[in-house]
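Q: Take a look at this one; I'll ask things after.
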Amino acid sequence: MTKRYITTAIPYMNGLPHIGHAMDYCLADVCARYYRLLGDEVRLQAGTDEHGGKIFQKAADLHIPVQEYVNNNTNLFKEFIAKLNISYTDFVRTTDEAHVRRCQKIWEKLQDHIYLASYKGWYCTGCERFVTDKEVEENHGVCPDHQKPYERVEEENYYLKISDFKEQIKELILNDKLLILPEFRKKEMLQLLSESPDVSISRPKAQLSWGVPVPNDDTQVMYVWIDALSNYLTVLGYPEKDISEWWPATAQFVGKDILRFHAIIWPAMLLGLGLPLPRTISSHGMILSNGQKMSKSIGNVIDPIEVIDRYGLDAFRYYFLRHIDTFADSDFTWTKFEDAYNNELANDLGNLVQRLATLAEKNGITIEAITETNLASGYRELMEKYEFTRAFDYIWEKVQGLNRKIDEEKPWALAKNGEKEKLEICLTNLIQKLLEVNLMLSPFLPDTTNKIANIFSGQVLSPKIPLFPKK
Ligand code: MSP
């Protein structure tokens, strides 16, 4: 049995879960469920990023002890992941004692590539990133993402020698040994890599104490990204356990805003540890509202919980996985969402199921469950390139095709004319095709496809309430 490891980015615990966080979870979950459908054994990691200045500051502003603050937020994220029906197997908190201990061991293993030097430059706490003079100049001293002036820092830091690994990383990316998706981001990352200096990987405790202590130096804590990236390994037990069954990861899902950390620092850490690089890092775009970034001040923030509570989880997953593009920035607006719900989920899929189930129930049709996992090659190809929106389009063409086929074959006319045998063949054939489509749809809409499989197993029983009641 093939073993696969799939990961999600671990969100900062400086606020509530928002709609953007759902993206990593949904994509990774589809990927995990797809491979399970093929019979592979899959571990799917999720977790929370709890250290760093941003979180420390937020807790201080709210006058809540920082540990209590991250505990509360972690609980909210766990609820959110459960609400999205994410099939994760492993959960890591960066404040877990085991994570901290393993992270320190990772640091020690990287020792040969770490040196101490003084840093004079800029930092953005919002981005949790050291910023170059060039960027500060280009942005006139203010971070465009956080609308806050960059902070001037002068401190003694440990550095990771990116220079030791640059050539190797470049080769691996160029040859797709580390596949960066989408393709056009690859060039961007190669450019950043070529310009990347050695990176600072610690902060003096005097400036920031909320982090993993650097081993053998009680004046420093690790830079939050070293701590955070290590999660992908520590959750598997590394370096205390042999992880070769699970590592390298099949796919790591991240947003485009954090691809740079995963394409430069992360490969350097892995090479420094003597570990192989992940097979694929897939980066998604941002979720916008009417083309704009969602922000509290504009008042266009969409609460994912409200969407799920009003329309159901699979309606949310549907929109997210079909209409929010896997790779590009995409819009979430209520109008677009409601149109997709009524015109596609209710009209195409809901009606298809209702029509076939009603006809089959009336005519006493019995269906044998499909035992073979017979997945169309066109679908498999797209899924294995992580082209989830395109795979979803492929499935939807089949759903619409089946509706057309019913119209052409008019089973109701066969029933009316008493052509029982023909009717049975016609309905059984249509239902078998629906069940094949249902299987392909199952990584995307687990609840709905479960319900559909139940309706058509054995004696068909038409659902009393439509799967997607029109709103
Ligand atoms: N803590 C880091 C990740 C560390 S991974 C070793 C972080 N956290 S985050 O909370 O800012 O973002 C978590 C994930 O959510 C990232 O993949 C990010 O791209 C994604 N999103 C956050 N806002 C988003 C949108 N508006 N749209 C889509 N995804 C976005 O970065």
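Residues are named by chain letter and number: chains run A, B, ... in the order of the structure tokens, numbers start at 1 in each chain, and ligands are numbered from 1 in the order shown.
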Which chains and residue numbers are within 6 Å of ligand 1, counting only C-alpha atoms and all ligand atoms, if I want them as a short mmCIF file (atom, residue, chain, number, x, y, z; two decimals) with N, CA, C and O atoms, in the first residue's frame?
A:
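Output contents, as saved in result-v2.cif:
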data_model
loop_
_atom_site.label_atom_id
_atom_site.label_comp_id
_atom_site.auth_asym_id
_atom_site.auth_seq_id
_atom_site.Cartn_x
_atom_site.Cartn_y
_atom_site.Cartn_z
N ALA A 9 -0.76 24.53 5.59
CA ALA A 9 -0.04 25.58 6.32
C ALA A 9 -0.69 25.73 7.70
O ALA A 9 -1.91 25.58 7.81
N ILE A 10 0.11 25.99 8.71
CA ILE A 10 -0.49 26.14 10.04
C ILE A 10 -0.74 27.64 10.31
O ILE A 10 0.18 28.43 10.33
N PRO A 11 -2.00 28.02 10.50
CA PRO A 11 -2.32 29.45 10.65
C PRO A 11 -1.79 30.05 11.96
O PRO A 11 -1.68 29.36 12.97
N TYR A 12 -1.50 31.34 11.89
CA TYR A 12 -1.13 32.07 13.10
C TYR A 12 -2.34 32.15 14.02
O TYR A 12 -3.46 32.40 13.56
N GLY A 20 -10.26 32.63 4.23
CA GLY A 20 -9.01 32.29 3.54
C GLY A 20 -8.37 31.03 4.10
O GLY A 20 -7.75 30.25 3.36
N HIS A 21 -8.50 30.82 5.41
CA HIS A 21 -7.88 29.63 6.00
C HIS A 21 -8.48 28.34 5.47
O HIS A 21 -7.85 27.29 5.52
N MET A 23 -9.02 27.52 2.59
CA MET A 23 -8.44 27.12 1.29
C MET A 23 -7.44 25.96 1.41
O MET A 23 -7.58 24.95 0.74
N ASP A 24 -6.43 26.13 2.28
CA ASP A 24 -5.45 25.06 2.45
C ASP A 24 -6.14 23.76 2.88
O ASP A 24 -5.84 22.69 2.38
N ASP A 49 0.11 27.70 14.45
CA ASP A 49 1.38 28.40 14.57
C ASP A 49 1.20 29.42 15.69
O ASP A 49 0.43 30.38 15.53
N ALA A 228 7.92 27.18 12.79
CA ALA A 228 6.69 26.80 12.09
C ALA A 228 6.95 25.75 11.01
O ALA A 228 6.23 24.75 10.91
N LEU A 229 7.98 25.96 10.19
CA LEU A 229 8.24 25.00 9.11
C LEU A 229 8.59 23.62 9.67
O LEU A 229 8.23 22.60 9.08
N VAL A 254 -0.04 25.47 0.34
CA VAL A 254 0.22 26.76 1.00
C VAL A 254 -0.37 27.88 0.13
O VAL A 254 -0.64 27.67 -1.05
N GLY A 255 -0.53 29.06 0.73
CA GLY A 255 -0.98 30.22 -0.04
C GLY A 255 0.20 30.86 -0.75
O GLY A 255 1.35 30.69 -0.35
N LYS A 256 -0.10 31.61 -1.82
CA LYS A 256 0.99 32.21 -2.60
C LYS A 256 1.82 33.18 -1.76
O LYS A 256 3.00 33.39 -2.01
N ASP A 257 1.18 33.78 -0.72
CA ASP A 257 1.89 34.73 0.12
C ASP A 257 3.00 34.09 0.94
O ASP A 257 3.92 34.77 1.38
N ILE A 258 2.91 32.78 1.14
CA ILE A 258 3.94 32.14 1.98
C ILE A 258 4.75 31.10 1.19
O ILE A 258 5.49 30.32 1.76
N GLY A 285 -4.16 30.87 -4.68
CA GLY A 285 -4.30 32.32 -4.68
C GLY A 285 -5.05 32.81 -3.46
O GLY A 285 -5.30 32.05 -2.52
N MET A 286 -5.40 34.07 -3.49
CA MET A 286 -6.11 34.68 -2.36
C MET A 286 -7.60 34.75 -2.67
O MET A 286 -8.00 34.89 -3.81
N ILE A 287 -8.38 34.71 -1.60
CA ILE A 287 -9.82 34.86 -1.78
C ILE A 287 -10.16 36.33 -1.60
O ILE A 287 -9.80 36.95 -0.59
#
Q: Check which residues of range 235-343 of chain A sit at most 8 Å from range 97-106 of chain A using only C-alpha atoms, and return one row each with the closest pair of atoms and their distance in Å to one decimal, ordered by chain and rising number, as JSON lines.
A:
{"residue": "A:Val235", "atom": "CA", "partner": "A:His99", "partner_atom": "CA", "distance": 7.1}
{"residue": "A:Gly237", "atom": "CA", "partner": "A:Arg102", "partner_atom": "CA", "distance": 7.7}
{"residue": "A:Tyr238", "atom": "CA", "partner": "A:Arg102", "partner_atom": "CA", "distance": 6.7}
{"residue": "A:Pro239", "atom": "CA", "partner": "A:Arg102", "partner_atom": "CA", "distance": 6.4}
{"residue": "A:Glu240", "atom": "CA", "partner": "A:Arg102", "partner_atom": "CA", "distance": 7.3}
{"residue": "A:Leu273", "atom": "CA", "partner": "A:Ile106", "partner_atom": "CA", "distance": 7.6}
Q: Please identify all polymer residues within 6 Å of range 460-468 of chain A, counting only C-alpha atoms, omitting same-chain residues fewer than 4 positions from it, and present them as a PyMOL selection string.
A: chain A and resi 346+350+357-358+361+366+455-456
Q: Determine, counting only C-alpha atoms, which protein, DNA and RNA residues have an atom within 9 Å of an atom of Lys177 in chain A; residues of the same chain fewer than 4 positions away are not included. Present the result as a VMD selection string.
A: chain A and resid 171 to 173 277 to 280
Q: Dump C-alpha atoms for the selected residues as a tab-separated table (two decimals), in the first residue's frame?
A:
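As written to disk, again20.tsv reads:
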chain	number	residue	atom	x	y	z
A	171	GLU	CA	18.59	22.44	-9.71
A	172	LEU	CA	15.87	20.55	-7.86
A	173	ILE	CA	13.26	23.18	-8.67
A	277	LEU	CA	12.50	17.65	-0.50
A	278	PRO	CA	8.73	17.32	-0.79
A	279	ARG	CA	7.53	16.13	-4.19
A	280	THR	CA	5.18	19.06	-4.71
Q: Name the residues in contact with Ile162 in chain A at a cut-off of 8 Å, using only C-alpha atoms, excluding same-chain residues fewer than 2 positions from it; report them as an MDAnalysis selection string.
A: chainID A and resid 160 164:166 196:199 264:265 268
Q: Take the residues that were just selected and, keeping all heavy atoms, output them as a compact mmCIF listing (two decimals), in the first residue's frame.
A:
# COMPACT_ATOMS: atom_id res chain seq x y z
N LEU A 160 20.96 31.31 8.94
CA LEU A 160 21.05 30.04 8.23
C LEU A 160 21.72 30.31 6.89
O LEU A 160 21.30 31.22 6.15
CB LEU A 160 19.65 29.44 8.02
CG LEU A 160 19.57 28.12 7.27
CD1 LEU A 160 20.24 26.98 8.05
CD2 LEU A 160 18.12 27.75 6.97
N ASP A 164 24.77 27.85 1.25
CA ASP A 164 25.26 26.46 1.17
C ASP A 164 24.39 25.59 0.25
O ASP A 164 24.82 24.53 -0.18
CB ASP A 164 25.23 25.79 2.57
CG ASP A 164 26.38 26.28 3.45
OD1 ASP A 164 27.24 27.01 2.93
OD2 ASP A 164 26.39 25.93 4.65
N PHE A 165 23.16 26.01 0.03
CA PHE A 165 22.21 25.13 -0.66
C PHE A 165 21.61 25.70 -1.94
O PHE A 165 20.86 25.02 -2.63
CB PHE A 165 21.05 24.79 0.29
CG PHE A 165 21.49 24.28 1.61
CD1 PHE A 165 21.44 25.10 2.74
CD2 PHE A 165 22.01 23.00 1.73
CE1 PHE A 165 21.88 24.64 3.98
CE2 PHE A 165 22.45 22.53 2.96
CZ PHE A 165 22.39 23.35 4.09
N LYS A 166 21.93 26.98 -2.22
CA LYS A 166 21.28 27.66 -3.34
C LYS A 166 21.30 26.87 -4.64
O LYS A 166 20.26 26.67 -5.28
CB LYS A 166 21.96 29.00 -3.57
CG LYS A 166 21.19 30.15 -3.02
CD LYS A 166 21.75 31.44 -3.54
CE LYS A 166 21.14 32.55 -2.72
NZ LYS A 166 21.61 33.85 -3.12
N SER A 196 18.34 35.70 -2.72
CA SER A 196 18.19 35.55 -1.27
C SER A 196 19.53 35.57 -0.53
O SER A 196 20.45 34.80 -0.83
CB SER A 196 17.46 34.24 -0.96
OG SER A 196 17.47 34.04 0.43
N PRO A 197 19.64 36.46 0.46
CA PRO A 197 20.83 36.41 1.32
C PRO A 197 20.68 35.25 2.32
O PRO A 197 19.64 34.58 2.33
CB PRO A 197 20.77 37.75 2.06
CG PRO A 197 19.31 38.10 2.09
CD PRO A 197 18.67 37.45 0.90
N ASP A 198 21.68 35.02 3.14
CA ASP A 198 21.48 34.09 4.26
C ASP A 198 20.37 34.68 5.12
O ASP A 198 20.24 35.90 5.21
CB ASP A 198 22.78 33.99 5.07
CG ASP A 198 23.85 33.23 4.29
OD1 ASP A 198 23.51 32.60 3.27
OD2 ASP A 198 25.02 33.29 4.70
N VAL A 199 19.58 33.82 5.75
CA VAL A 199 18.45 34.40 6.50
C VAL A 199 18.65 34.32 8.00
O VAL A 199 19.19 33.35 8.54
CB VAL A 199 17.09 33.76 6.12
CG1 VAL A 199 16.70 34.10 4.70
CG2 VAL A 199 17.11 32.27 6.33
N ILE A 264 12.39 28.50 -0.28
CA ILE A 264 13.78 28.87 0.00
C ILE A 264 14.24 28.33 1.36
O ILE A 264 15.07 27.43 1.43
CB ILE A 264 13.98 30.41 -0.08
CG1 ILE A 264 13.55 30.90 -1.48
CG2 ILE A 264 15.44 30.78 0.21
CD1 ILE A 264 13.50 32.39 -1.65
N ILE A 265 13.66 28.86 2.44
CA ILE A 265 14.12 28.43 3.78
C ILE A 265 13.87 26.94 4.01
O ILE A 265 14.72 26.21 4.51
CB ILE A 265 13.43 29.23 4.91
CG1 ILE A 265 13.59 30.74 4.69
CG2 ILE A 265 14.00 28.84 6.28
CD1 ILE A 265 13.00 31.59 5.79
N ALA A 268 16.17 24.61 2.20
CA ALA A 268 17.52 24.71 2.79
C ALA A 268 17.57 23.93 4.10
O ALA A 268 18.54 23.21 4.37
CB ALA A 268 17.87 26.18 3.02
Q: Based on DSSP run over this structure's backbone, return all residues of range 37-206 of chain A in alpha helix (DSSP H), as a VMD selection string.
A: chain A and resid 37 53 to 61 66 to 83 97 to 110 133 to 138 166 to 174 183 to 195
Q: What does the distance between CA of Leu270 in chain A and CA of Tyr123 in chain A come to in Å, to one decimal place?
A: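 Interatomic distance, CA of Leu270 in chain A to CA of Tyr123 in chain A: 24.7 Å.
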Q: Determine the nearest neighbour of Asn454 in chain A from the options A:Val224, A:Ile55, A:Ile367, A:Leu288, counting only C-alpha atoms.
A: A:Ile367
Q: Between A:His146, A:Lys134, A:Arg310, A:Lys385, which residue has the minimum interatomic distance to Leu179 in chain A, considering only C-alpha atoms?
A: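 Nearest to Leu179 in chain A: A:Lys385.
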Q: I'd like the neighbourhood of His284 in chain A as a PyMOL selection string, where a residue qualifies if any of its atoms comes within 12 Å (using only C-alpha atoms), though same-chain residues fewer than 3 positions away should be ignored.
A: chain A and resi 8-9+20-28+180-183+185+252-259+281+287+320-321+324-330+386-389
Q: For the residues selected in the previous step, produce a file with N, CA, C and O atoms as a compact mmCIF listing (two decimals), in the first residue's frame.
A:
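The resulting file, again_9.txt, is reproduced below:
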# COMPACT_ATOMS: atom_id res chain seq x y z
N THR A 8 -0.87 20.93 5.38
CA THR A 8 -1.52 22.24 5.26
C THR A 8 -0.64 23.26 5.99
O THR A 8 0.10 22.89 6.91
N ALA A 9 -0.76 24.53 5.59
CA ALA A 9 -0.04 25.58 6.32
C ALA A 9 -0.69 25.73 7.70
O ALA A 9 -1.91 25.58 7.81
N GLY A 20 -10.26 32.63 4.23
CA GLY A 20 -9.01 32.29 3.54
C GLY A 20 -8.37 31.03 4.10
O GLY A 20 -7.75 30.25 3.36
N HIS A 21 -8.50 30.82 5.41
CA HIS A 21 -7.88 29.63 6.00
C HIS A 21 -8.48 28.34 5.47
O HIS A 21 -7.85 27.29 5.52
N ALA A 22 -9.73 28.43 4.99
CA ALA A 22 -10.40 27.21 4.52
C ALA A 22 -9.72 26.64 3.29
O ALA A 22 -9.83 25.46 2.98
N MET A 23 -9.02 27.52 2.59
CA MET A 23 -8.44 27.12 1.29
C MET A 23 -7.44 25.96 1.41
O MET A 23 -7.58 24.95 0.74
N ASP A 24 -6.43 26.13 2.28
CA ASP A 24 -5.45 25.06 2.45
C ASP A 24 -6.14 23.76 2.88
O ASP A 24 -5.84 22.69 2.38
N TYR A 25 -7.04 23.92 3.84
CA TYR A 25 -7.71 22.74 4.39
C TYR A 25 -8.49 21.99 3.31
O TYR A 25 -8.40 20.77 3.20
N CYS A 26 -9.27 22.74 2.53
CA CYS A 26 -10.12 22.08 1.53
C CYS A 26 -9.27 21.41 0.45
O CYS A 26 -9.53 20.27 0.07
N LEU A 27 -8.24 22.11 -0.02
CA LEU A 27 -7.41 21.53 -1.09
C LEU A 27 -6.70 20.27 -0.60
O LEU A 27 -6.69 19.23 -1.28
N ALA A 28 -6.11 20.36 0.58
CA ALA A 28 -5.36 19.21 1.10
C ALA A 28 -6.31 18.05 1.40
O ALA A 28 -5.97 16.88 1.19
N ILE A 180 7.00 22.94 -8.15
CA ILE A 180 6.27 24.08 -7.60
C ILE A 180 5.10 24.40 -8.51
O ILE A 180 5.27 24.58 -9.72
N LEU A 181 3.93 24.43 -7.92
CA LEU A 181 2.72 24.72 -8.70
C LEU A 181 2.09 26.01 -8.20
O LEU A 181 2.13 26.27 -7.01
N PRO A 182 1.48 26.81 -9.08
CA PRO A 182 1.43 26.62 -10.51
C PRO A 182 2.78 26.95 -11.15
O PRO A 182 3.62 27.63 -10.53
N GLU A 183 2.93 26.51 -12.37
CA GLU A 183 4.18 26.65 -13.13
C GLU A 183 4.73 28.09 -13.09
O GLU A 183 5.92 28.30 -12.88
N ARG A 185 4.69 30.34 -10.97
CA ARG A 185 5.31 30.77 -9.71
C ARG A 185 6.75 30.25 -9.58
O ARG A 185 7.52 30.73 -8.76
N GLN A 252 2.40 19.54 -0.43
CA GLN A 252 2.23 20.51 0.65
C GLN A 252 1.41 21.68 0.07
O GLN A 252 1.76 22.22 -0.99
N PHE A 253 0.34 22.04 0.75
CA PHE A 253 -0.53 23.12 0.26
C PHE A 253 -0.30 24.39 1.07
O PHE A 253 -0.36 24.36 2.30
N VAL A 254 -0.04 25.47 0.34
CA VAL A 254 0.22 26.76 1.00
C VAL A 254 -0.37 27.88 0.13
O VAL A 254 -0.64 27.67 -1.05
N GLY A 255 -0.53 29.06 0.73
CA GLY A 255 -0.98 30.22 -0.04
C GLY A 255 0.20 30.86 -0.75
O GLY A 255 1.35 30.69 -0.35
N LYS A 256 -0.10 31.61 -1.82
CA LYS A 256 0.99 32.21 -2.60
C LYS A 256 1.82 33.18 -1.76
O LYS A 256 3.00 33.39 -2.01
N ASP A 257 1.18 33.78 -0.72
CA ASP A 257 1.89 34.73 0.12
C ASP A 257 3.00 34.09 0.94
O ASP A 257 3.92 34.77 1.38
N ILE A 258 2.91 32.78 1.14
CA ILE A 258 3.94 32.14 1.98
C ILE A 258 4.75 31.10 1.19
O ILE A 258 5.49 30.32 1.76
N LEU A 259 4.60 31.15 -0.13
CA LEU A 259 5.36 30.22 -0.96
C LEU A 259 6.87 30.45 -0.81
O LEU A 259 7.66 29.52 -0.77
N ILE A 281 5.00 21.36 -4.01
CA ILE A 281 4.43 22.41 -3.17
C ILE A 281 3.43 23.15 -4.06
O ILE A 281 3.79 23.70 -5.10
N ILE A 287 -8.38 34.71 -1.60
CA ILE A 287 -9.82 34.86 -1.78
C ILE A 287 -10.16 36.33 -1.60
O ILE A 287 -9.80 36.95 -0.59
N PHE A 320 -16.06 26.53 -3.00
CA PHE A 320 -14.64 26.68 -2.75
C PHE A 320 -13.77 25.90 -3.69
O PHE A 320 -12.68 26.32 -4.05
N LEU A 321 -14.23 24.73 -4.04
CA LEU A 321 -13.37 23.86 -4.82
C LEU A 321 -13.64 23.96 -6.31
O LEU A 321 -12.84 23.56 -7.12
N ILE A 324 -13.66 28.84 -6.65
CA ILE A 324 -12.43 29.51 -6.22
C ILE A 324 -11.33 28.71 -6.92
O ILE A 324 -11.17 27.52 -6.65
N ASP A 325 -10.65 29.35 -7.84
CA ASP A 325 -9.66 28.64 -8.65
C ASP A 325 -8.56 28.03 -7.76
O ASP A 325 -8.16 28.64 -6.77
N THR A 326 -8.10 26.85 -8.14
CA THR A 326 -7.06 26.19 -7.34
C THR A 326 -5.80 27.06 -7.22
O THR A 326 -5.13 27.03 -6.20
N PHE A 327 -5.50 27.81 -8.26
CA PHE A 327 -4.22 28.54 -8.25
C PHE A 327 -4.32 30.07 -8.28
O PHE A 327 -3.43 30.73 -7.80
N ALA A 328 -5.40 30.59 -8.87
CA ALA A 328 -5.45 32.06 -9.04
C ALA A 328 -6.30 32.71 -7.95
O ALA A 328 -7.08 32.04 -7.28
N ASP A 329 -6.15 34.03 -7.80
CA ASP A 329 -7.02 34.76 -6.88
C ASP A 329 -8.46 34.64 -7.37
O ASP A 329 -8.70 34.67 -8.58
N SER A 330 -9.40 34.50 -6.47
CA SER A 330 -10.80 34.37 -6.90
C SER A 330 -11.72 35.09 -5.93
O SER A 330 -11.38 35.30 -4.77
N TYR A 386 -3.04 18.06 -9.34
CA TYR A 386 -3.65 18.96 -8.34
C TYR A 386 -4.46 20.08 -8.98
O TYR A 386 -4.61 21.15 -8.42
N GLU A 387 -4.99 19.79 -10.18
CA GLU A 387 -5.83 20.76 -10.90
C GLU A 387 -7.28 20.51 -10.45
O GLU A 387 -8.10 20.00 -11.21
N PHE A 388 -7.56 20.88 -9.21
CA PHE A 388 -8.85 20.48 -8.65
C PHE A 388 -10.05 21.18 -9.28
O PHE A 388 -11.08 20.57 -9.47
N THR A 389 -9.91 22.48 -9.59
CA THR A 389 -11.08 23.13 -10.22
C THR A 389 -11.37 22.50 -11.58
O THR A 389 -12.52 22.29 -11.94
Q: Just the strand (DSSP E) stuff from range 103-248 of chain A, please, per backbone DSSP, written as an MDAnalysis selection string.
A: chainID A and resid 114:124 129:131 142:143 148:149 151:160 179:181 199:200 202:204 220:222
Q: Go ahead and write the selection's residues with C-alpha atoms as a compact mmCIF listing (two decimals), in the first residue's frame.
A:
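In the end it all went to result20.txt:
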# COMPACT_ATOMS: atom_id res chain seq x y z
CA ILE A 114 24.26 28.28 11.29
CA TYR A 115 26.41 31.27 12.30
CA LEU A 116 26.03 34.28 14.56
CA ALA A 117 26.15 37.81 13.14
CA SER A 118 24.62 41.17 13.76
CA TYR A 119 21.57 42.26 11.83
CA LYS A 120 20.82 45.84 10.96
CA GLY A 121 17.74 46.19 8.91
CA TRP A 122 13.98 46.00 8.77
CA TYR A 123 11.28 43.68 10.02
CA CYS A 124 7.53 43.47 9.49
CA ARG A 129 9.59 38.62 7.93
CA PHE A 130 12.93 40.40 7.64
CA VAL A 131 12.59 42.87 4.81
CA VAL A 142 5.16 50.97 4.91
CA CYS A 143 4.19 47.31 4.52
CA LYS A 148 2.19 49.54 9.13
CA PRO A 149 5.64 51.14 9.00
CA GLU A 151 10.33 48.30 12.15
CA ARG A 152 14.03 49.10 12.31
CA VAL A 153 15.94 46.38 14.12
CA GLU A 154 19.55 46.17 15.13
CA GLU A 155 20.28 42.92 16.84
CA GLU A 156 22.55 39.94 17.14
CA ASN A 157 21.00 36.97 15.32
CA TYR A 158 21.75 33.48 14.18
CA TYR A 159 21.76 33.03 10.41
CA LEU A 160 21.05 30.04 8.23
CA LEU A 179 7.56 20.60 -8.25
CA ILE A 180 6.27 24.08 -7.60
CA LEU A 181 2.72 24.72 -8.70
CA VAL A 199 18.45 34.40 6.50
CA SER A 200 18.24 35.42 10.08
CA SER A 202 16.56 33.89 15.65
CA ARG A 203 15.48 36.90 17.69
CA PRO A 204 17.04 38.15 20.92
CA GLN A 220 17.79 33.91 21.86
CA VAL A 221 14.57 32.35 20.62
CA MET A 222 14.05 30.87 17.17
Q: For a quick check of understanding, using only C-alpha atoms, which of A:Gly299, A:Leu382, A:Glu245, A:Gly15 has the smallest distance to Leu62 in chain A?
A: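 Of all the options, A:Gly15 lies closest to Leu62 in chain A.
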